[in-house]
Amino acid sequence: MRQETMRPAVGRSFTPPPKFLKLVIYQLLLLMATVIGLAYGLYFSDLFFPTTHFSIWADILTVLKYVWLVPLPYALLNFYSFVRYPVFLRPAPSHEPMHLPCKIYVRIVTRGLNLTLIGETASNAEAALRAVLPLDQWHVEIVTDNPVSTDYESTQLSVIAVPVGYEPSGGAKYKARALHYALSHTSATWEDWVVHLDEETHFSEDTVRAICRFILQEHANVAAGKRRFPRIGQGVILYGRRKIVNWITTLADSIRVGDDYGRFRLQYEHGKAGFGIHGSFIVINQGVETRVGFDHGPAASITEDAY
């Protein structure tokens, strides 16, 4: 990473760059949120459990308060990641024409029960890809347990229906079974890349550009001998960006965004996956995925993405 030294110009007042000011504001907001949280906890702790009154009930509740220490390591890990890798520091979006030495396959996995949702996701994927890449550099695949027939049709779309009687030799089940079947029934070559999506995941043109930059970087690293195989990419998933069907479940899912920018970002910066990975928005080289496969038995089928 290039390091820059900030120094004032001779004879002029020093004006901090915008990125520096954003970083200062970001760190101050984090500090403020932390102080408010601690003050809130201490105030209500003393309000409801005063040290001048003693009772068995108060003692029991005081002991139960220590349960809040259980997620403390998790909270500290996320907090460190927020400080170390500020959310707003990201590459500036580039709108230059993209050209890849391979093809991107957007692989949407579904049980095939919600045809409207599948069609909307496929349509969104094609619109974003078409706006950035030429037609010969991308394709959309729908991998389904049940045959689907949506109103959305395109020459850039293909459906891989997993036969009812298909049983992998290793005993893979559920989503792992479908993904393993797709490996041998896709038109993707070992040089191509796969973007794994769930049936409700949408993405934008900027996402496509970010994926392209990642692929080009990994191709360059492998060609330069920096690593034998290209790395696996993982994107951040946001919730509540479209029409909200259920506020409770949306709010519950929103904490996962903090996870993405917290502990998941921390592990990816170090090239490890100790906390696992999401099952959606994974960017992986087809050759790497084929070498590993998904047929690792029933136990590996519960969290097939992180096994």
# chains A, B, ... in the order shown; residues from 1 in each chain; ligands from 1

$ residues_around --residues "A:Ile237" --least-positions-apart "3" --cutoff "10 Å" --atoms "only C-alpha atoms" --output "list in words"
Thr201, His202, Phe203, Gln234, Asp253, Ser254, Arg256, Val257, Asp260, Tyr261, His278, Ser280 and Phe281 of chain A

$ write_last_selection --atoms "C-alpha atoms" --output "PDB file, in the first residue's frame"
ATOM      1  CA  THR A 201     -29.751 -11.473  -3.628  1.00  0.00           C
ATOM      2  CA  HIS A 202     -29.511  -8.487  -5.981  1.00  0.00           C
ATOM      3  CA  PHE A 203     -26.420  -6.494  -6.963  1.00  0.00           C
ATOM      4  CA  GLN A 234     -16.627 -12.470  -0.353  1.00  0.00           C
ATOM      5  CA  ASP A 253     -30.656  -9.643   9.624  1.00  0.00           C
ATOM      6  CA  SER A 254     -29.188  -6.144   9.743  1.00  0.00           C
ATOM      7  CA  ARG A 256     -25.088  -9.351   9.886  1.00  0.00           C
ATOM      8  CA  VAL A 257     -23.944  -6.227   8.047  1.00  0.00           C
ATOM      9  CA  ASP A 260     -19.431  -8.317   7.473  1.00  0.00           C
ATOM     10  CA  TYR A 261     -17.588  -5.089   8.241  1.00  0.00           C
ATOM     11  CA  HIS A 278     -21.526 -16.531   3.788  1.00  0.00           C
ATOM     12  CA  SER A 280     -24.191 -15.946  -0.867  1.00  0.00           C
ATOM     13  CA  PHE A 281     -22.062 -13.402  -2.739  1.00  0.00           C
TER      14      PHE A 281
END

$ residues_around --residues "stretch 133-138 of chain A" --least-positions-apart "4" --cutoff "6 Å" --atoms "only C-alpha atoms" --output "PDB file with C-alpha atoms, in the first residue's frame"
ATOM      1  CA  LYS A 103     -16.111 -15.341 -18.210  1.00  0.00           C
ATOM      2  CA  ILE A 104     -18.225 -14.596 -15.138  1.00  0.00           C
ATOM      3  CA  TYR A 105     -20.982 -17.051 -14.241  1.00  0.00           C
ATOM      4  CA  LEU A 129     -23.827  -7.414 -16.044  1.00  0.00           C
TER       5      LEU A 129
END

$ closest_residue --among "A:Ile118, A:Ala188, A:Leu76, A:Leu89" --to "A:Lys19" --atoms "only C-alpha atoms"
A:Leu89

$ residues_around --residues "A:Thr189" --least-positions-apart "2" --cutoff "12 Å" --atoms "only C-alpha atoms" --output "list in words"
Pro101, Cys102, Lys103, Ile104, Tyr105, Leu183, Ser184, His185, Thr186, Ser187, Glu191, Asp192, Trp193, Val194, Asn285, Gln286, Gly287, Val288, Glu289 and Thr290 of chain A

$ write_last_selection --atoms "C-alpha atoms" --output "PDB file, in the first residue's frame"
ATOM      1  CA  PRO A 101      -9.545 -12.846 -19.784  1.00  0.00           C
ATOM      2  CA  CYS A 102     -12.355 -15.163 -18.697  1.00  0.00           C
ATOM      3  CA  LYS A 103     -16.111 -15.341 -18.210  1.00  0.00           C
ATOM      4  CA  ILE A 104     -18.225 -14.596 -15.138  1.00  0.00           C
ATOM      5  CA  TYR A 105     -20.982 -17.051 -14.241  1.00  0.00           C
ATOM      6  CA  LEU A 183     -20.077 -28.377 -11.231  1.00  0.00           C
ATOM      7  CA  SER A 184     -20.367 -31.138 -13.815  1.00  0.00           C
ATOM      8  CA  HIS A 185     -23.254 -29.641 -15.779  1.00  0.00           C
ATOM      9  CA  THR A 186     -22.088 -26.072 -16.311  1.00  0.00           C
ATOM     10  CA  SER A 187     -20.500 -24.658 -19.426  1.00  0.00           C
ATOM     11  CA  GLU A 191     -10.466 -20.377 -16.078  1.00  0.00           C
ATOM     12  CA  ASP A 192     -13.899 -18.824 -15.539  1.00  0.00           C
ATOM     13  CA  TRP A 193     -15.235 -17.365 -12.299  1.00  0.00           C
ATOM     14  CA  VAL A 194     -18.462 -18.054 -10.419  1.00  0.00           C
ATOM     15  CA  ASN A 285     -12.568 -19.483  -9.618  1.00  0.00           C
ATOM     16  CA  GLN A 286     -14.378 -22.403 -11.268  1.00  0.00           C
ATOM     17  CA  GLY A 287     -11.186 -24.483 -11.289  1.00  0.00           C
ATOM     18  CA  VAL A 288     -10.668 -24.022  -7.562  1.00  0.00           C
ATOM     19  CA  GLU A 289     -14.293 -24.898  -6.815  1.00  0.00           C
ATOM     20  CA  THR A 290     -14.146 -28.000  -9.018  1.00  0.00           C
TER      21      THR A 290
END

$ atom_distance --atom1 "atom CA of A:Thr121" --atom2 "atom CA of A:Ala176"
20.7 Å
